[in-house]
Amino acid sequence: MEVVKIAPHLWRWTGRHEEWEEDVGSIWHETEDGVVLVDPILPPEDAEKFLRHFDREVVDQQVHVLVTVFWHTRSTADFVERYGARVWAPARGKAAIGRRAGIVTDAFRPGAALPGGVQAFPTARAAEVVFWIPRHRALVPGDVLLGEGAKGGGTRRAGPGGIRLCPESWLPEGKGHAELGASLAPLLDLPLERILVSHGRPVLERARDALAAALAV
């Protein structure tokens with residue numbers, strides 16, 4: 001497990017995904033609405049240690065779990081059971097996330113108000129969103145954007161900024177990188193400083209340039 005403080009009240013941690021056979025990233029964001037987690041995973045080797053620390057941090061706070069895509073439901077059920085977490089899921093992914101997490105308390109569509117001022121943007125995968133944390137100028141994708149060193153996509157490497165699009169095989173039938181790039185292009189209008197990918201290494205500077213390079217491929 002690795003925990004990195006990205007900014008005040010914002011952390012990224014990694015844990016081994018036993019099915020994916022790779023360390024994956026999750027986000028912990030302390031907000032006025034409570035603790036917001038994005039795609040949380042309990043590190044198998046340090047789960048109890050992690051939870052004991054989390055117990056101390058969330059006293060009398062509401063826990064919110066935001067899920068980018070149903071594949072990233074991960075340890076959501078554990079946070080529901082232990083903390084009564086509210087689970088926020090894209091409306092198109094509600095059923096699949098609910099089956100994995102046991103409950104979805106809040107289904108949303110891109111543009112809806114989310115805890116802590118987080119915003120959701122649509123992607124070419126109808127059931128997947130990308131989260132934007134305005135106060136930290138941080139983009140949090142699920143599977144549509146991959147960082148340097150991420151598994152998947154054959155031999156294709158990340159672009160010069162350390163970001164690449166997911167393999168076309170991960171996209172719905174009839175959609176490719178052109179459609180995915182077009183769906184993500186509005187993100188270039190954001191004042192991006194960071195891209196906190198789930199897979200691979202996060203981009204902590206010149207994030208807009210990194211995204212532009214990935215979309216230009």
# chains A, B, ... in the order shown; residues from 1 in each chain; ligands from 1
>>> residues_around(residues="segment 187-202 of chain A", least_positions_apart="5", cutoff="9 Å", atoms="only C-alpha atoms", output="ChimeraX atom specification")
/A:12,14,22-27,39,121,132,134,136-143,145-151,162-163,207-212
>>> residues_around(residues="Thr76 of chain A", least_positions_apart="3", cutoff="6 Å", atoms="only C-alpha atoms", output="PyMOL selection string")
chain A and resi 73+79+101
>>> write_last_selection(atoms="C-alpha atoms", output="JSON list (two decimals), in the first residue's frame")
[["chain", "number", "residue", "atom", "x", "y", "z"],
["A", 73, "THR", "CA", -17.01, -0.85, -7.23],
["A", 79, "PHE", "CA", -17.41, 0.96, 3.50],
["A", 101, "ALA", "CA", -21.93, -3.02, -3.65]]
>>> atom_distance(atom1="atom CA of Phe108 of chain A", atom2="atom CA of Trp88 of chain A")
7.0 Å
>>> closest_residue(among="A:Ala91, A:Ala107, A:Ile133, A:Ala124", to="Leu37 of chain A", atoms="only C-alpha atoms")
A:Ile133
>>> closest_residue(among="A:Ala185, A:Ile97, A:Val59, A:Ala213", to="Tyr83 of chain A", atoms="only C-alpha atoms")
A:Val59
>>> select_by_dssp(residues="segment 10-202 of chain A", states="helix (DSSP H, G or I)", output="NGL selection string")
:A and (47-57 or 70-72 or 76-83 or 91-101 or 115-117 or 134-136 or 168-170 or 177-189)
>>> residues_around(residues="Trp170 of chain A", least_positions_apart="3", cutoff="10 Å", atoms="only C-alpha atoms", output="list in words")
Arg125, Asp143, Val144, Gly152, Gly153, Cys166, Pro167, Glu173, Lys175 and Gly176 of chain A
>>> residues_around(residues="Glu45 of chain A", least_positions_apart="5", cutoff="12 Å", atoms="only C-alpha atoms", output="ChimeraX atom specification")
/A:1-2,14-18,23,50-51
>>> write_last_selection(atoms="C-alpha atoms", output="PDB file, in the first residue's frame")
ATOM      1  CA  MET A   1       0.000   0.000   0.000  1.00  0.00           C
ATOM      2  CA  GLU A   2       1.186   3.494  -0.836  1.00  0.00           C
ATOM      3  CA  THR A  14      -2.966   2.290  -3.906  1.00  0.00           C
ATOM      4  CA  GLY A  15      -3.841  -1.300  -3.142  1.00  0.00           C
ATOM      5  CA  ARG A  16      -3.406  -4.606  -4.884  1.00  0.00           C
ATOM      6  CA  HIS A  17      -6.369  -5.597  -7.031  1.00  0.00           C
ATOM      7  CA  GLU A  18      -6.193  -9.370  -6.822  1.00  0.00           C
ATOM      8  CA  ASP A  23      -1.888  -2.018  -7.805  1.00  0.00           C
ATOM      9  CA  PHE A  50      -6.131   1.047   6.855  1.00  0.00           C
ATOM     10  CA  LEU A  51      -9.568   0.711   8.438  1.00  0.00           C
TER      11      LEU A  51
END
>>> residues_around(residues="Asp78 of chain A", least_positions_apart="6", cutoff="10 Å", atoms="only C-alpha atoms", output="list in words")
Pro40, Ile41, Leu42, Leu51, Gly84, Ala85, Ala101 and Gly102 of chain A
>>> select_by_dssp(residues="segment 12-184 of chain A", states="strand (DSSP E or B)", output="JSON, numbers by chain")
{"A": [12, 13, 14, 15, 16, 17, 22, 23, 24, 25, 26, 27, 28, 29, 30, 31, 34, 35, 36, 37, 38, 63, 64, 65, 66, 86, 87, 88, 89, 90, 106, 107, 108, 119, 120, 121, 122, 129, 130, 131, 132, 133, 138, 139, 140, 145, 146, 147, 148, 163, 164, 165]}
>>> residues_around(residues="Pro115 of chain A", least_positions_apart="6", cutoff="10 Å", atoms="only C-alpha atoms", output="VMD selection string")
chain A and resid 31 to 36 63 to 66 88
>>> atom_distance(atom1="atom CA of Arg86 of chain A", atom2="atom CA of Asp60 of chain A")
14.2 Å
>>> closest_residue(among="A:Gly161, A:Gly98, A:Gly174, A:Pro90", to="Arg206 of chain A", atoms="only C-alpha atoms")
A:Gly161
>>> atom_distance(atom1="atom CA of Ala112 of chain A", atom2="atom CA of Pro172 of chain A")
24.1 Å
>>> closest_residue(among="A:Val203, A:Leu10, A:Val69, A:Ala182", to="Gly116 of chain A", atoms="only C-alpha atoms")
A:Leu10
>>> closest_residue(among="A:Val4, A:His72, A:Ala127, A:Ala120", to="Lys94 of chain A", atoms="only C-alpha atoms")
A:Ala127
>>> decode(residues="segment 175-189 of chain A", atoms="all heavy atoms", output="short mmCIF file (atom, residue, chain, number, x, y, z; two decimals), in the first residue's frame")
data_model
loop_
_atom_site.label_atom_id
_atom_site.label_comp_id
_atom_site.auth_asym_id
_atom_site.auth_seq_id
_atom_site.Cartn_x
_atom_site.Cartn_y
_atom_site.Cartn_z
N LYS A 175 -17.68 2.14 -31.25
CA LYS A 175 -16.96 3.32 -30.79
C LYS A 175 -15.47 3.01 -30.67
O LYS A 175 -15.08 1.92 -30.27
CB LYS A 175 -17.51 3.80 -29.44
CG LYS A 175 -18.93 4.34 -29.54
CD LYS A 175 -19.40 4.96 -28.24
CE LYS A 175 -20.81 5.53 -28.41
NZ LYS A 175 -21.30 6.16 -27.14
N GLY A 176 -14.67 3.99 -31.04
CA GLY A 176 -13.22 3.83 -30.99
C GLY A 176 -12.58 5.03 -30.33
O GLY A 176 -13.24 5.83 -29.66
N HIS A 177 -11.31 5.19 -30.57
CA HIS A 177 -10.58 6.29 -29.94
C HIS A 177 -11.07 7.65 -30.40
O HIS A 177 -11.01 8.63 -29.65
CB HIS A 177 -9.09 6.15 -30.19
CG HIS A 177 -8.45 5.13 -29.32
ND1 HIS A 177 -7.26 4.48 -29.66
CD2 HIS A 177 -8.79 4.63 -28.10
CE1 HIS A 177 -6.93 3.64 -28.70
NE2 HIS A 177 -7.83 3.70 -27.75
N ALA A 178 -11.54 7.73 -31.64
CA ALA A 178 -12.06 9.02 -32.12
C ALA A 178 -13.25 9.47 -31.28
O ALA A 178 -13.33 10.63 -30.86
CB ALA A 178 -12.45 8.91 -33.60
N GLU A 179 -14.17 8.55 -31.04
CA GLU A 179 -15.35 8.89 -30.24
C GLU A 179 -14.98 9.15 -28.78
O GLU A 179 -15.51 10.06 -28.14
CB GLU A 179 -16.39 7.77 -30.32
CG GLU A 179 -17.07 7.63 -31.68
CD GLU A 179 -16.20 6.96 -32.73
OE1 GLU A 179 -15.16 6.35 -32.37
OE2 GLU A 179 -16.54 7.06 -33.93
N LEU A 180 -14.05 8.35 -28.25
CA LEU A 180 -13.64 8.57 -26.88
C LEU A 180 -12.95 9.92 -26.74
O LEU A 180 -13.22 10.68 -25.80
CB LEU A 180 -12.69 7.45 -26.43
CG LEU A 180 -12.13 7.58 -25.00
CD1 LEU A 180 -13.25 7.65 -23.97
CD2 LEU A 180 -11.19 6.42 -24.69
N GLY A 181 -12.06 10.22 -27.66
CA GLY A 181 -11.38 11.51 -27.62
C GLY A 181 -12.34 12.67 -27.69
O GLY A 181 -12.18 13.67 -26.97
N ALA A 182 -13.34 12.57 -28.56
CA ALA A 182 -14.33 13.64 -28.69
C ALA A 182 -15.10 13.83 -27.39
O ALA A 182 -15.43 14.96 -26.99
CB ALA A 182 -15.28 13.34 -29.85
N SER A 183 -15.41 12.73 -26.71
CA SER A 183 -16.17 12.83 -25.46
C SER A 183 -15.35 13.46 -24.34
O SER A 183 -15.91 14.09 -23.42
CB SER A 183 -16.68 11.44 -25.03
OG SER A 183 -15.62 10.63 -24.52
N LEU A 184 -14.03 13.29 -24.41
CA LEU A 184 -13.16 13.83 -23.36
C LEU A 184 -12.61 15.21 -23.68
O LEU A 184 -12.06 15.88 -22.80
CB LEU A 184 -11.99 12.87 -23.12
CG LEU A 184 -12.35 11.44 -22.68
CD1 LEU A 184 -11.09 10.60 -22.52
CD2 LEU A 184 -13.15 11.46 -21.37
N ALA A 185 -12.77 15.65 -24.91
CA ALA A 185 -12.21 16.94 -25.33
C ALA A 185 -12.68 18.12 -24.47
O ALA A 185 -11.89 19.03 -24.19
CB ALA A 185 -12.52 17.20 -26.80
N PRO A 186 -13.95 18.15 -24.00
CA PRO A 186 -14.37 19.28 -23.14
C PRO A 186 -13.55 19.41 -21.86
O PRO A 186 -13.50 20.49 -21.26
CB PRO A 186 -15.83 18.94 -22.83
CG PRO A 186 -16.29 18.14 -24.00
CD PRO A 186 -15.10 17.31 -24.37
N LEU A 187 -12.88 18.34 -21.44
CA LEU A 187 -12.06 18.40 -20.23
C LEU A 187 -10.87 19.34 -20.40
O LEU A 187 -10.31 19.84 -19.42
CB LEU A 187 -11.56 17.01 -19.85
CG LEU A 187 -12.65 15.96 -19.56
CD1 LEU A 187 -12.01 14.61 -19.31
CD2 LEU A 187 -13.51 16.37 -18.37
N LEU A 188 -10.48 19.60 -21.65
CA LEU A 188 -9.37 20.50 -21.91
C LEU A 188 -9.70 21.94 -21.56
O LEU A 188 -8.80 22.77 -21.43
CB LEU A 188 -8.94 20.41 -23.38
CG LEU A 188 -8.34 19.07 -23.81
CD1 LEU A 188 -8.14 19.04 -25.32
CD2 LEU A 188 -7.02 18.81 -23.09
N ASP A 189 -10.98 22.23 -21.38
CA ASP A 189 -11.39 23.58 -21.00
C ASP A 189 -11.27 23.81 -19.49
O ASP A 189 -11.45 24.93 -19.01
CB ASP A 189 -12.84 23.85 -21.43
CG ASP A 189 -12.99 23.88 -22.94
OD1 ASP A 189 -12.01 24.26 -23.62
OD2 ASP A 189 -14.07 23.51 -23.44
#
